[in-house]
Amino acid sequence: VQLQASGGGLVQAGGSLRLSCAASGHTFSRSGMAWFRQAPGKEREFVPSISWSEDITHYADSVKGRFTISRDNAKNTVYLQMNRLKPEDTAVYYCAGDSSIKTYSTWYREPREYSNWGQGTLVTVSS
């Protein structure tokens, strides 16, 4: 699966953005998907994830209640709606996916568990 992220940009604090991640390849509908972000000088961190069947989502505590992940398997696309953005949300956002069977319950938070990555899209939140 190849992933292409888009939708980043500059927004004021309190504003909203929606990121999209378009996938090509026949395994998208069977792939767990996630968004990660990486700020300058920091490690890549988990943001939200969504199961292939759309019935299981997880969110980092820092974005709960503000961000929403969703997917449209018919369009091979996963979305990240980001509301009430804060300056600390500034980062490059990456979408990631993997279709392999996982053996532990918190796998979705680990970058190493994803074999497919998009190129990243920059989100800058000004104060």
# chains A, B, ... in the order shown; residues from 1 in each chain; ligands from 1
call {"tool": "residues_around", "arguments": {"residues": "stretch 18-27 of chain A", "least_positions_apart": "4", "cutoff": "6 Å", "atoms": "only C-alpha atoms", "output": "list in words"}}
result
Val1, Gln2, Leu3, Gln4, Ala5, Ser6, Gly7, Asn76, Thr77, Val78, Tyr79, Leu80, Gln81 and Met82 of chain A
call {"tool": "write_last_selection", "arguments": {"atoms": "all heavy atoms", "output": "compact mmCIF listing (two decimals), in the first residue's frame"}}
result
# COMPACT_ATOMS: atom_id res chain seq x y z
N VAL A 1 0.85 -1.19 0.00
CA VAL A 1 0.00 0.00 0.00
C VAL A 1 0.88 1.24 0.00
O VAL A 1 1.81 1.35 0.80
CB VAL A 1 -0.93 0.02 1.24
CG1 VAL A 1 -1.72 1.32 1.29
CG2 VAL A 1 -1.86 -1.17 1.23
N GLN A 2 0.58 2.16 -0.90
CA GLN A 2 1.27 3.45 -0.91
C GLN A 2 0.33 4.50 -0.34
O GLN A 2 -0.86 4.52 -0.66
CB GLN A 2 1.69 3.82 -2.33
CG GLN A 2 2.78 2.91 -2.89
CD GLN A 2 3.30 3.38 -4.23
OE1 GLN A 2 2.54 3.90 -5.04
NE2 GLN A 2 4.58 3.22 -4.46
N LEU A 3 0.89 5.40 0.48
CA LEU A 3 0.08 6.39 1.17
C LEU A 3 0.51 7.80 0.79
O LEU A 3 1.71 8.08 0.71
CB LEU A 3 0.20 6.20 2.69
CG LEU A 3 -0.15 4.81 3.22
CD1 LEU A 3 0.12 4.74 4.72
CD2 LEU A 3 -1.60 4.46 2.92
N GLN A 4 -0.47 8.68 0.61
CA GLN A 4 -0.20 10.08 0.24
C GLN A 4 -1.00 10.97 1.17
O GLN A 4 -2.22 11.03 1.08
CB GLN A 4 -0.60 10.32 -1.22
CG GLN A 4 -0.38 11.73 -1.70
CD GLN A 4 1.08 12.03 -2.01
OE1 GLN A 4 1.84 11.15 -2.39
NE2 GLN A 4 1.47 13.27 -1.82
N ALA A 5 -0.29 11.69 2.04
CA ALA A 5 -0.95 12.57 2.99
C ALA A 5 -1.06 13.99 2.42
O ALA A 5 -0.17 14.43 1.68
CB ALA A 5 -0.18 12.60 4.30
N SER A 6 -2.12 14.67 2.80
CA SER A 6 -2.32 16.05 2.35
C SER A 6 -3.21 16.78 3.36
O SER A 6 -3.80 16.15 4.25
CB SER A 6 -2.97 16.07 0.97
OG SER A 6 -4.24 15.45 1.00
N GLY A 7 -3.29 18.10 3.19
CA GLY A 7 -4.20 18.89 4.01
C GLY A 7 -3.54 19.74 5.07
O GLY A 7 -4.23 20.50 5.76
N ASN A 76 -10.66 4.51 -0.27
CA ASN A 76 -9.27 4.23 0.12
C ASN A 76 -8.61 5.43 0.79
O ASN A 76 -7.47 5.79 0.49
CB ASN A 76 -8.43 3.80 -1.09
CG ASN A 76 -8.59 2.32 -1.41
OD1 ASN A 76 -9.49 1.66 -0.89
ND2 ASN A 76 -7.72 1.81 -2.26
N THR A 77 -9.34 6.05 1.70
CA THR A 77 -8.85 7.27 2.32
C THR A 77 -9.12 7.25 3.82
O THR A 77 -10.19 6.80 4.26
CB THR A 77 -9.51 8.51 1.70
OG1 THR A 77 -9.26 8.50 0.29
CG2 THR A 77 -8.94 9.79 2.29
N VAL A 78 -8.16 7.74 4.57
CA VAL A 78 -8.34 7.94 6.00
C VAL A 78 -8.18 9.43 6.28
O VAL A 78 -7.41 10.13 5.60
CB VAL A 78 -7.33 7.10 6.82
CG1 VAL A 78 -5.89 7.51 6.54
CG2 VAL A 78 -7.62 7.19 8.30
N TYR A 79 -8.95 9.92 7.24
CA TYR A 79 -9.00 11.35 7.54
C TYR A 79 -8.62 11.61 8.99
O TYR A 79 -8.79 10.75 9.85
CB TYR A 79 -10.41 11.89 7.30
CG TYR A 79 -10.94 11.64 5.91
CD1 TYR A 79 -11.78 10.56 5.64
CD2 TYR A 79 -10.60 12.49 4.85
CE1 TYR A 79 -12.27 10.32 4.36
CE2 TYR A 79 -11.09 12.25 3.57
CZ TYR A 79 -11.92 11.17 3.33
OH TYR A 79 -12.40 10.95 2.07
N LEU A 80 -8.15 12.82 9.22
CA LEU A 80 -7.94 13.29 10.58
C LEU A 80 -8.51 14.69 10.68
O LEU A 80 -7.96 15.63 10.11
CB LEU A 80 -6.46 13.29 10.95
CG LEU A 80 -6.16 13.75 12.37
CD1 LEU A 80 -6.78 12.79 13.39
CD2 LEU A 80 -4.65 13.85 12.61
N GLN A 81 -9.64 14.81 11.35
CA GLN A 81 -10.24 16.10 11.60
C GLN A 81 -9.65 16.65 12.89
O GLN A 81 -9.76 16.02 13.94
CB GLN A 81 -11.77 15.98 11.72
CG GLN A 81 -12.47 17.28 12.04
CD GLN A 81 -12.37 18.29 10.92
OE1 GLN A 81 -12.53 17.94 9.74
NE2 GLN A 81 -12.11 19.54 11.26
N MET A 82 -9.04 17.82 12.80
CA MET A 82 -8.38 18.43 13.94
C MET A 82 -9.06 19.74 14.28
O MET A 82 -9.07 20.66 13.45
CB MET A 82 -6.90 18.66 13.62
CG MET A 82 -6.17 17.40 13.17
SD MET A 82 -4.40 17.66 12.95
CE MET A 82 -4.39 18.80 11.58
call {"tool": "residues_around", "arguments": {"residues": "A:Thr106", "least_positions_apart": "4", "cutoff": "10 Å", "atoms": "only C-alpha atoms", "output": "PyMOL selection string"}}
result
chain A and resi 58+102+110
call {"tool": "residues_around", "arguments": {"residues": "A:Leu122", "least_positions_apart": "4", "cutoff": "7 Å", "atoms": "only C-alpha atoms", "output": "PyMOL selection string"}}
result
chain A and resi 8-9+91-93
call {"tool": "write_last_selection", "arguments": {"atoms": "N, CA and C atoms", "output": "PDB file, in the first residue's frame"}}
result
ATOM      1  N   GLY A   8      -2.249  19.619   5.218  1.00  0.00           N
ATOM      2  CA  GLY A   8      -1.568  20.441   6.206  1.00  0.00           C
ATOM      3  C   GLY A   8      -1.542  21.903   5.808  1.00  0.00           C
ATOM      4  N   GLY A   9      -1.138  22.733   6.743  1.00  0.00           N
ATOM      5  CA  GLY A   9      -1.051  24.156   6.459  1.00  0.00           C
ATOM      6  C   GLY A   9      -0.845  24.949   7.720  1.00  0.00           C
ATOM      7  N   ALA A  91       3.573  20.155  13.966  1.00  0.00           N
ATOM      8  CA  ALA A  91       4.413  18.995  13.674  1.00  0.00           C
ATOM      9  C   ALA A  91       4.203  18.586  12.226  1.00  0.00           C
ATOM     10  N   VAL A  92       5.041  17.682  11.782  1.00  0.00           N
ATOM     11  CA  VAL A  92       4.777  16.978  10.534  1.00  0.00           C
ATOM     12  C   VAL A  92       3.927  15.763  10.880  1.00  0.00           C
ATOM     13  N   TYR A  93       2.815  15.628  10.188  1.00  0.00           N
ATOM     14  CA  TYR A  93       1.889  14.533  10.440  1.00  0.00           C
ATOM     15  C   TYR A  93       2.038  13.462   9.369  1.00  0.00           C
TER      16      TYR A  93
END
call {"tool": "closest_residue", "arguments": {"among": "A:Gly97, A:Arg71, A:Ser115, A:Thr124", "to": "A:Trp35", "atoms": "only C-alpha atoms"}}
result
A:Gly97
call {"tool": "closest_residue", "arguments": {"among": "A:Ala96, A:Ile69, A:Val125, A:Val11", "to": "A:Tyr108", "atoms": "only C-alpha atoms"}}
result
A:Ala96
